[in-house]
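**Q** Before we start, here is the structure in question, set down as structure tokens.
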Amino acid sequence: MKFDLKGKRAIVTGGGSGIGRAIATTLAIQGAEVHILDLNSNSLDETIKNITKKKGKCYSHICDVSNQNNVNDIISQINSKKHIDILINNAGISHIGNIENTNEADFDKIYNVNIKGMYNCMKAAIPEMKKQGGLIINMASIAASVGINNRFAYSMSKGAVLTMTYSVAKDYLTHNIRCNSISPGRVHTPFVDGFIKANYPGKEKEMFEKLAKTQPIGRMGTPEEIANLALYLCSDEASFITGTDFPIDGGFIKLNGN
């Protein structure tokens, strides 16, 4: 069977909801043993319940990826039983604002989760991966490649994700560690629904359609579509791919304005 992950062990950060939940579920259905790291215990429980119903094998870990000691303890615990084959660095937060209305606390929070969080997880996982090889996927964004209004701090963080991906891919070629990134466009997740409800009360349907149409293809992506790309990159079928960013954006980067 193509894209078979039986015998593989995967870590998915931020796997409690949205894209992370879809990736964790997809990898588990394809046979991987999935360890899900998230701060929200209720979201973790829901993801575990969904995967278990589909006969997948999964475990939950409450983790703050911005805390290096917390990350080290959990990844060491997972590695002690059997090595990690796959690391999906998905945990991240968003922020809306240009440089003038991004205060220091906002900037530091984005840095600590979106950049330091990925650094922490890769730094903890790579030493063991060096022994037998492995695969890392970092969730970047179209904001790493093109300018987007009022996303100063978020874009900064995703640009760092992109270049960290290239550096790790280059540095660990001889250790058989592949490292790639995925850059989604706008994806319909609970975050989008919450953002619209909070900022456009009474105009939810209108704003949803407006945001959907910012993607040239005419709609938002789904978490499952991102998860399917992640599955391919995790599989042996993608063994010739490293050091590459994969936009999945409904044509946003190349087709906007054309």
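Chain labels run A, B, ... following the order of the structure tokens; each chain numbers its residues from 1, and ligands are numbered from 1 in the order shown.
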Identify, with DSSP run on backbone atoms, the residues in range 63-155 of chain A assigned to strand (DSSP E), and express the list as a VMD selection string.

**A** chain A and resid 86 to 89 134 to 139

**Q** May I have the selected residues written with N, CA and C atoms, as a compact mmCIF listing (two decimals), in the first residue's frame?

**A**
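Okay, this is what ended up in out22.txt:
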```txt
# COMPACT_ATOMS: atom_id res chain seq x y z
N ILE A 86 9.34 10.48 12.76
CA ILE A 86 8.72 11.65 12.12
C ILE A 86 8.44 12.73 13.17
N LEU A 87 8.80 13.95 12.86
CA LEU A 87 8.46 15.10 13.71
C LEU A 87 7.70 16.11 12.86
N ILE A 88 6.47 16.40 13.24
CA ILE A 88 5.67 17.43 12.57
C ILE A 88 5.58 18.63 13.50
N ASN A 89 6.29 19.70 13.17
CA ASN A 89 6.26 20.93 13.96
C ASN A 89 5.11 21.79 13.48
N GLY A 134 15.44 10.12 9.71
CA GLY A 134 14.11 10.58 10.10
C GLY A 134 13.60 11.65 9.17
N LEU A 135 12.42 12.14 9.49
CA LEU A 135 11.73 13.13 8.65
C LEU A 135 11.16 14.22 9.54
N ILE A 136 11.42 15.47 9.17
CA ILE A 136 10.87 16.62 9.88
C ILE A 136 10.05 17.46 8.90
N ILE A 137 8.86 17.82 9.32
CA ILE A 137 8.05 18.78 8.55
C ILE A 137 7.75 19.97 9.46
N ASN A 138 8.10 21.16 9.00
CA ASN A 138 7.81 22.40 9.71
C ASN A 138 6.67 23.12 9.00
N MET A 139 5.65 23.50 9.76
CA MET A 139 4.53 24.24 9.16
C MET A 139 4.90 25.71 9.05
```

**Q** Show me, as a Markdown table, the residues of range 103-203 of chain A having an atom within 12 Å of range 22-45 of chain A, each with the closest atom pair and its distance in Å, using only C-alpha atoms.

**A**
```
| residue | atom | partner | partner_atom | distance |
| --- | --- | --- | --- | --- |
| A:Val113 | CA | A:Leu39 | CA | 11.5 |
| A:Gly117 | CA | A:Leu37 | CA | 11.6 |
| A:Cys121 | CA | A:Leu37 | CA | 10.6 |
| A:Ile137 | CA | A:Ile23 | CA | 11.1 |
| A:Met139 | CA | A:Ile23 | CA | 11.2 |
| A:Val187 | CA | A:Ala22 | CA | 11.9 |
| A:His188 | CA | A:Ala22 | CA | 12.0 |
| A:Thr189 | CA | A:Ala22 | CA | 10.4 |
| A:Pro190 | CA | A:Ser43 | CA | 11.7 |
```

**Q** Between A:Glu209, A:Glu100, A:Glu46, A:Asp245, which one has atoms that come closest to Ala230 in chain A, using only C-alpha atoms?

**A** A:Asp245

**Q** Taking the chain letters and numbering used in this document, name the residues of range 121-254 of chain A that DSSP puts in alpha helix (DSSP H), as a count of residues only.

**A** 66

**Q** Within 10 Å of Asn69 in chain A, counting only C-alpha atoms, which residues qualify if same-chain residues fewer than 5 places away don't, as a list in words?

**A** Asp64, Ile74, Asn120 and Ala124 of chain A

**Q** Nearest to Glu225 in chain A among A:Gly194, A:Pro201, A:Gly185, A:Gly243, with distances taken over only C-alpha atoms: which residue is it?

**A**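 The closest residue to Glu225 in chain A is A:Gly185.
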
**Q** Please list as a ChimeraX atom specification every residue within 7 Å of range 161-170 of chain A, counting only C-alpha atoms and excluding residues in the same chain fewer than 2 positions away.

**A** /A:115,138,140,144,157-159,172-173,178-181,242-243
